[in-house]
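Text of the file data_36.csv, holding CSV, C-alpha atoms:
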```
chain,number,residue,atom,x,y,z
A,1461,MET,CA,5.6,26.9,-0.6
A,1462,THR,CA,3.9,24.9,2.2
A,1463,GLN,CA,1.2,23.8,-0.2
A,1464,PHE,CA,3.8,22.8,-2.8
A,1465,GLU,CA,5.7,20.7,-0.3
A,1466,LEU,CA,2.5,19.1,1.0
A,1467,ALA,CA,1.7,18.2,-2.6
A,1468,LEU,CA,5.1,16.6,-2.9
A,1469,VAL,CA,4.5,14.5,0.2
A,1470,VAL,CA,1.1,13.4,-1.1
A,1471,VAL,CA,2.6,12.4,-4.5
A,1472,HIS,CA,5.4,10.5,-2.8
A,1473,ASN,CA,3.0,8.6,-0.5
A,1474,ALA,CA,0.6,7.9,-3.4
A,1475,PHE,CA,3.4,6.6,-5.5
A,1476,SER,CA,4.7,4.4,-2.7
A,1477,GLN,CA,1.2,3.0,-2.2
A,1478,TRP,CA,0.9,2.4,-6.0
A,1479,THR,CA,4.3,0.5,-6.2
A,1480,VAL,CA,3.5,-1.7,-3.2
A,1481,ARG,CA,0.0,-2.6,-4.4
A,1482,CYS,CA,1.2,-3.2,-8.0
A,1483,GLY,CA,4.0,-5.3,-6.6
A,1484,ALA,CA,1.5,-7.3,-4.5
A,1485,ALA,CA,-0.7,-7.9,-7.6
A,1486,VAL,CA,2.3,-9.6,-9.4
A,1487,GLY,CA,3.3,-11.7,-6.4
A,1488,ALA,CA,5.8,-9.4,-4.8
A,1489,GLY,CA,3.7,-8.4,-1.8
A,1490,ARG,CA,6.6,-8.9,0.7
A,1491,PHE,CA,8.7,-6.2,-0.8
A,1492,SER,CA,8.6,-2.5,0.0
A,1493,SER,CA,8.2,0.3,-2.5
A,1494,PHE,CA,12.0,0.9,-2.2
A,1495,ASP,CA,12.7,-2.7,-3.0
A,1496,LEU,CA,10.5,-2.5,-6.1
A,1497,LEU,CA,12.1,0.7,-7.2
A,1498,ILE,CA,15.5,-1.0,-7.1
A,1499,ILE,CA,14.1,-3.8,-9.3
A,1500,GLY,CA,12.9,-1.1,-11.7
A,1501,PHE,CA,16.2,0.7,-11.7
A,1502,LEU,CA,18.2,-2.5,-12.4
A,1503,ASN,CA,15.8,-3.3,-15.2
A,1504,SER,CA,16.2,0.1,-16.8
A,1505,ARG,CA,20.0,-0.2,-16.7
A,1506,ASP,CA,20.1,-3.8,-17.9
A,1507,GLN,CA,23.7,-4.1,-16.8
A,1508,LYS,CA,25.7,-4.9,-13.6
A,1509,VAL,CA,25.6,-2.0,-11.2
A,1510,ARG,CA,27.3,-1.2,-7.8
A,1511,ALA,CA,25.1,-0.5,-4.8
A,1512,ALA,CA,26.8,2.9,-4.5
A,1513,ASP,CA,25.7,3.7,-8.1
A,1514,ILE,CA,22.1,2.8,-7.2
A,1515,ALA,CA,22.2,4.9,-4.1
A,1516,PHE,CA,23.6,7.9,-6.1
A,1517,ALA,CA,21.0,7.6,-8.9
A,1518,LEU,CA,18.1,7.4,-6.4
A,1519,LYS,CA,19.6,10.1,-4.1
A,1520,ILE,CA,19.9,7.7,-1.1
A,1521,GLU,CA,22.5,8.9,1.3
A,1522,ASP,CA,22.7,5.6,3.3
A,1523,THR,CA,24.1,2.9,1.0
A,1524,TYR,CA,23.4,0.3,3.7
A,1525,THR,CA,19.7,0.9,2.9
A,1526,VAL,CA,20.4,-0.1,-0.7
A,1527,GLN,CA,22.6,-3.0,0.3
A,1528,TYR,CA,19.9,-4.3,2.6
A,1529,ALA,CA,17.3,-4.1,-0.1
A,1530,LEU,CA,19.7,-5.9,-2.5
A,1531,LYS,CA,20.2,-8.6,0.0
A,1532,LYS,CA,16.5,-9.2,0.4
A,1533,LEU,CA,16.1,-9.3,-3.4
A,1534,ALA,CA,19.0,-11.7,-3.7
A,1535,THR,CA,17.5,-14.0,-1.1
A,1536,ALA,CA,14.4,-14.1,-3.2
A,1537,HIS,CA,16.5,-14.9,-6.3
A,1538,LEU,CA,15.4,-11.7,-8.1
A,1539,VAL,CA,18.9,-10.1,-8.0
A,1540,GLU,CA,22.3,-11.7,-8.3
A,1541,SER,CA,25.7,-10.4,-7.4
A,1542,GLN,CA,29.2,-10.8,-8.7
A,1543,ARG,CA,32.5,-9.8,-7.2
A,1544,VAL,CA,34.8,-8.0,-9.6
A,1545,GLY,CA,38.0,-7.1,-7.7
A,1546,LYS,CA,37.0,-5.1,-4.6
A,1547,GLU,CA,33.6,-4.2,-6.1
A,1548,THR,CA,30.3,-6.2,-5.9
A,1549,LEU,CA,28.1,-5.7,-8.9
A,1550,PHE,CA,24.3,-6.5,-9.0
A,1551,GLN,CA,21.9,-7.3,-11.8
A,1552,LEU,CA,18.5,-8.8,-12.2
A,1553,THR,CA,18.1,-12.5,-12.5
A,1554,SER,CA,15.7,-13.9,-15.1
A,1555,GLY,CA,13.2,-14.2,-12.2
A,1556,GLY,CA,13.7,-10.5,-11.5
A,1557,ARG,CA,13.2,-9.6,-15.1
A,1558,ASP,CA,10.0,-11.7,-15.2
A,1559,LEU,CA,8.7,-10.0,-12.1
A,1560,TYR,CA,9.4,-6.6,-13.6
A,1561,LYS,CA,7.7,-7.6,-16.9
A,1562,ARG,CA,4.5,-8.6,-14.9
A,1563,TYR,CA,4.8,-5.3,-13.0
A,1564,SER,CA,5.0,-3.4,-16.2
A,1565,ILE,CA,1.9,-5.1,-17.6
A,1566,VAL,CA,-0.1,-4.2,-14.5
A,1567,ARG,CA,1.2,-0.6,-14.7
A,1568,SER,CA,0.2,-0.4,-18.3
A,1569,ASN,CA,-3.3,-1.8,-17.6
A,1570,PHE,CA,-4.1,0.5,-14.7
A,1571,LEU,CA,-1.8,3.6,-14.8
A,1572,LEU,CA,-0.7,4.4,-18.3
A,1573,ASP,CA,-4.2,5.1,-19.7
A,1574,ALA,CA,-4.8,7.6,-16.9
A,1575,VAL,CA,-1.4,9.3,-17.6
A,1576,ALA,CA,-2.2,9.3,-21.3
A,1577,MET,CA,-5.3,11.3,-20.6
A,1578,LEU,CA,-3.1,13.9,-19.0
A,1579,SER,CA,-0.8,13.9,-22.0
A,1580,ALA,CA,-3.8,14.5,-24.3
A,1581,ASN,CA,-4.4,17.7,-22.3
A,1582,ASP,CA,-0.9,19.0,-23.4
A,1583,LEU,CA,1.0,17.6,-20.4
A,1584,ASP,CA,4.5,16.9,-21.6
A,1585,LEU,CA,5.7,14.1,-19.3
A,1586,ASP,CA,9.3,14.5,-20.5
A,1587,ARG,CA,9.2,18.2,-19.6
A,1588,LEU,CA,7.6,17.3,-16.2
A,1589,ALA,CA,10.3,14.8,-15.5
A,1590,SER,CA,12.9,17.4,-16.3
A,1591,VAL,CA,11.2,19.9,-13.9
A,1592,LEU,CA,11.0,17.3,-11.1
A,1593,ARG,CA,14.8,16.6,-11.6
A,1594,THR,CA,15.5,20.3,-11.3
A,1595,ILE,CA,13.3,20.6,-8.2
A,1596,SER,CA,15.2,17.6,-6.7
A,1597,GLY,CA,18.5,19.5,-7.4
A,1598,ILE,CA,17.2,22.6,-5.7
A,1599,TYR,CA,16.2,20.6,-2.6
A,1600,GLU,CA,19.5,18.8,-2.6
A,1601,GLN,CA,21.4,22.1,-2.7
A,1602,ALA,CA,19.2,23.6,0.1
A,1603,ALA,CA,19.9,20.5,2.2
A,1604,ARG,CA,23.6,20.9,1.8
A,1605,ASN,CA,23.3,24.6,2.7
A,1606,ALA,CA,21.2,23.8,5.8
A,1607,SER,CA,23.7,21.2,6.9
A,1608,SER,CA,26.4,23.8,6.9
A,1609,LEU,CA,24.6,25.7,9.7
A,1610,ASN,CA,26.0,25.1,13.2
A,1611,VAL,CA,23.6,23.7,15.8
A,1612,GLY,CA,22.3,26.5,17.9
A,1613,GLU,CA,23.5,29.2,15.4
A,1614,GLU,CA,21.2,32.2,15.2
A,1615,ILE,CA,18.9,32.1,12.1
A,1616,ASP,CA,18.0,35.4,10.6
A,1617,LEU,CA,14.2,35.5,10.8
A,1618,GLY,CA,14.0,38.5,8.5
A,1619,GLU,CA,12.0,40.6,11.0
```
Rewrite the coordinates I just gave you, this time as structure tokens.
Amino acid sequence: MTQFELALVVVHNAFSQWTVRCGAAVGAGRFSSFDLLIIGFLNSRDQKVRAADIAFALKIEDTYTVQYALKKLATAHLVESQRVGKETLFQLTSGGRDLYKRYSIVRSNFLLDAVAMLSANDLDLDRLASVLRTISGIYEQAARNASSLNVGEEIDLGE
């Protein structure tokens, strides 16, 4: 299990490194991996979305983290907001869509060919994505279970 979790950490860090460097290549070097993921999420939805919906979809517990990223992206004119009643909805601007299009081109040029080689070796990316979502759910449930423990409570070490 330790090796599996170490592999998850390495994949997470490599993915973050990729998003930041790809972002820098398309002129978005001042944005974090998280900021760029929000741009990608908004692009995939292609509709107005609440910050809470973004946080829920990306499994972010602290919606202020999402709101801060949206504020940075809005300041850069990549995201725009609109008040509808008590809700604030966010969507990409044309500048945000253009940035994501450039990001997608760089991704296609440098990443998709390598991933396609894995697919040629019978790797089903849809199936892998499904497995990763399942693993995410397992970790989410385990986190809820762990948070139900009282601080200082005896933990059965199974000895």
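Our summary of the geometry notes that atom CA of A:Ala1484 is positioned 9.3 Å from atom CA of A:Tyr1563.
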Quick check, in Å to one decimal: how far apart do atom CA of A:Ser1596 and atom CA of A:Gln1527 lie?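 Computed distance, atom CA of A:Ser1596 to atom CA of A:Gln1527, equals 23.0 Å.
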Using only C-alpha atoms, which residue out of A:Phe1475, A:Arg1543, A:Leu1502, A:Glu1600 lies closest to A:Tyr1560?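 That would be A:Leu1502, the residue with the smallest distance to A:Tyr1560.
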Proximity to A:Val1509 - best of A:Ser1554, A:Ser1590, A:Ser1541, A:Asn1610, all atoms listed in the file: A:Ser1541
Need the shell around A:Leu1538: protein/DNA/RNA residues with any atom at most 10 Å away, counting all atoms listed in the file. Skip same-chain ones fewer than 3 positions apart. Format as a list of chain:residue names? A:Ile1499, A:Leu1530, A:Lys1531, A:Lys1532, A:Leu1533, A:Ala1534, A:Thr1535, A:Gln1551, A:Leu1552, A:Thr1553, A:Ser1554, A:Gly1555, A:Gly1556, A:Arg1557, A:Asp1558, A:Leu1559, A:Tyr1560
Point out the residue among A:Ser1504, A:Gln1542, A:Thr1525, A:Asn1473 with the least atom-to-atom distance to A:Ser1564, counting all atoms listed in the file. A:Ser1504
Using the incomplete input, complete stretch 1491-1521 of chain A to the level of N, CA and C atoms; output as an mmCIF file, in the coordinates of the input.
```cif
data_model
loop_
_atom_site.group_PDB
_atom_site.id
_atom_site.type_symbol
_atom_site.label_atom_id
_atom_site.label_comp_id
_atom_site.auth_asym_id
_atom_site.auth_seq_id
_atom_site.Cartn_x
_atom_site.Cartn_y
_atom_site.Cartn_z
ATOM 1 N N PHE A 1491 7.649 -7.189 -0.600
ATOM 2 C CA PHE A 1491 8.700 -6.200 -0.800
ATOM 3 C C PHE A 1491 8.130 -4.784 -0.674
ATOM 4 N N SER A 1492 9.006 -3.898 -0.211
ATOM 5 C CA SER A 1492 8.600 -2.500 0.000
ATOM 6 C C SER A 1492 8.668 -1.762 -1.346
ATOM 7 N N SER A 1493 8.143 -0.556 -1.319
ATOM 8 C CA SER A 1493 8.200 0.300 -2.500
ATOM 9 C C SER A 1493 9.654 0.511 -2.916
ATOM 10 N N PHE A 1494 10.540 0.702 -1.949
ATOM 11 C CA PHE A 1494 12.000 0.900 -2.200
ATOM 12 C C PHE A 1494 12.572 -0.310 -2.915
ATOM 13 N N ASP A 1495 12.241 -1.506 -2.419
ATOM 14 C CA ASP A 1495 12.700 -2.700 -3.000
ATOM 15 C C ASP A 1495 12.311 -2.806 -4.512
ATOM 16 N N LEU A 1496 11.058 -2.489 -4.748
ATOM 17 C CA LEU A 1496 10.500 -2.500 -6.100
ATOM 18 C C LEU A 1496 11.142 -1.477 -7.008
ATOM 19 N N LEU A 1497 11.462 -0.326 -6.443
ATOM 20 C CA LEU A 1497 12.100 0.700 -7.200
ATOM 21 C C LEU A 1497 13.540 0.266 -7.639
ATOM 22 N N ILE A 1498 14.196 -0.480 -6.771
ATOM 23 C CA ILE A 1498 15.500 -1.000 -7.100
ATOM 24 C C ILE A 1498 15.401 -2.001 -8.261
ATOM 25 N N ILE A 1499 14.374 -2.835 -8.225
ATOM 26 C CA ILE A 1499 14.100 -3.800 -9.300
ATOM 27 C C ILE A 1499 13.942 -2.973 -10.631
ATOM 28 N N GLY A 1500 13.122 -1.929 -10.571
ATOM 29 C CA GLY A 1500 12.900 -1.100 -11.700
ATOM 30 C C GLY A 1500 14.159 -0.415 -12.229
ATOM 31 N N PHE A 1501 14.972 0.076 -11.295
ATOM 32 C CA PHE A 1501 16.200 0.700 -11.700
ATOM 33 C C PHE A 1501 17.158 -0.282 -12.358
ATOM 34 N N LEU A 1502 17.302 -1.465 -11.772
ATOM 35 C CA LEU A 1502 18.200 -2.500 -12.400
ATOM 36 C C LEU A 1502 17.651 -2.895 -13.756
ATOM 37 N N ASN A 1503 16.334 -2.981 -13.891
ATOM 38 C CA ASN A 1503 15.800 -3.300 -15.200
ATOM 39 C C ASN A 1503 16.078 -2.257 -16.230
ATOM 40 N N SER A 1504 15.987 -0.999 -15.833
ATOM 41 C CA SER A 1504 16.200 0.100 -16.800
ATOM 42 C C SER A 1504 17.695 0.151 -17.205
ATOM 43 N N ARG A 1505 18.600 -0.240 -16.330
ATOM 44 C CA ARG A 1505 20.000 -0.200 -16.700
ATOM 45 C C ARG A 1505 20.442 -1.424 -17.469
ATOM 46 N N ASP A 1506 19.838 -2.565 -17.184
ATOM 47 C CA ASP A 1506 20.100 -3.800 -17.900
ATOM 48 C C ASP A 1506 21.629 -4.086 -17.972
ATOM 49 N N GLN A 1507 22.308 -3.832 -16.865
ATOM 50 C CA GLN A 1507 23.700 -4.100 -16.800
ATOM 51 C C GLN A 1507 24.078 -4.276 -15.289
ATOM 52 N N LYS A 1508 25.275 -4.723 -15.003
ATOM 53 C CA LYS A 1508 25.700 -4.900 -13.600
ATOM 54 C C LYS A 1508 26.022 -3.503 -13.035
ATOM 55 N N VAL A 1509 25.545 -3.292 -11.792
ATOM 56 C CA VAL A 1509 25.600 -2.000 -11.200
ATOM 57 C C VAL A 1509 26.093 -2.156 -9.711
ATOM 58 N N ARG A 1510 26.887 -1.208 -9.232
ATOM 59 C CA ARG A 1510 27.300 -1.200 -7.800
ATOM 60 C C ARG A 1510 26.169 -0.631 -6.957
ATOM 61 N N ALA A 1511 26.119 -1.062 -5.706
ATOM 62 C CA ALA A 1511 25.100 -0.500 -4.800
ATOM 63 C C ALA A 1511 25.289 0.982 -4.634
ATOM 64 N N ALA A 1512 26.521 1.462 -4.638
ATOM 65 C CA ALA A 1512 26.800 2.900 -4.500
ATOM 66 C C ALA A 1512 26.191 3.663 -5.718
ATOM 67 N N ASP A 1513 26.225 3.053 -6.902
ATOM 68 C CA ASP A 1513 25.700 3.700 -8.100
ATOM 69 C C ASP A 1513 24.131 3.788 -7.977
ATOM 70 N N ILE A 1514 23.525 2.754 -7.427
ATOM 71 C CA ILE A 1514 22.100 2.800 -7.200
ATOM 72 C C ILE A 1514 21.722 3.877 -6.222
ATOM 73 N N ALA A 1515 22.468 3.922 -5.116
ATOM 74 C CA ALA A 1515 22.200 4.900 -4.100
ATOM 75 C C ALA A 1515 22.378 6.341 -4.680
ATOM 76 N N PHE A 1516 23.412 6.551 -5.475
ATOM 77 C CA PHE A 1516 23.600 7.900 -6.100
ATOM 78 C C PHE A 1516 22.499 8.236 -7.021
ATOM 79 N N ALA A 1517 22.095 7.304 -7.869
ATOM 80 C CA ALA A 1517 21.000 7.600 -8.900
ATOM 81 C C ALA A 1517 19.702 7.876 -8.193
ATOM 82 N N LEU A 1518 19.419 7.198 -7.078
ATOM 83 C CA LEU A 1518 18.100 7.400 -6.400
ATOM 84 C C LEU A 1518 18.205 8.390 -5.256
ATOM 85 N N LYS A 1519 19.345 9.064 -5.117
ATOM 86 C CA LYS A 1519 19.600 10.100 -4.100
ATOM 87 C C LYS A 1519 19.369 9.509 -2.671
ATOM 88 N N ILE A 1520 19.940 8.338 -2.433
ATOM 89 C CA ILE A 1520 19.900 7.700 -1.100
ATOM 90 C C ILE A 1520 21.234 7.904 -0.459
ATOM 91 N N GLU A 1521 21.256 8.603 0.669
ATOM 92 C CA GLU A 1521 22.500 8.900 1.300
ATOM 93 C C GLU A 1521 23.107 7.663 2.022
#
```
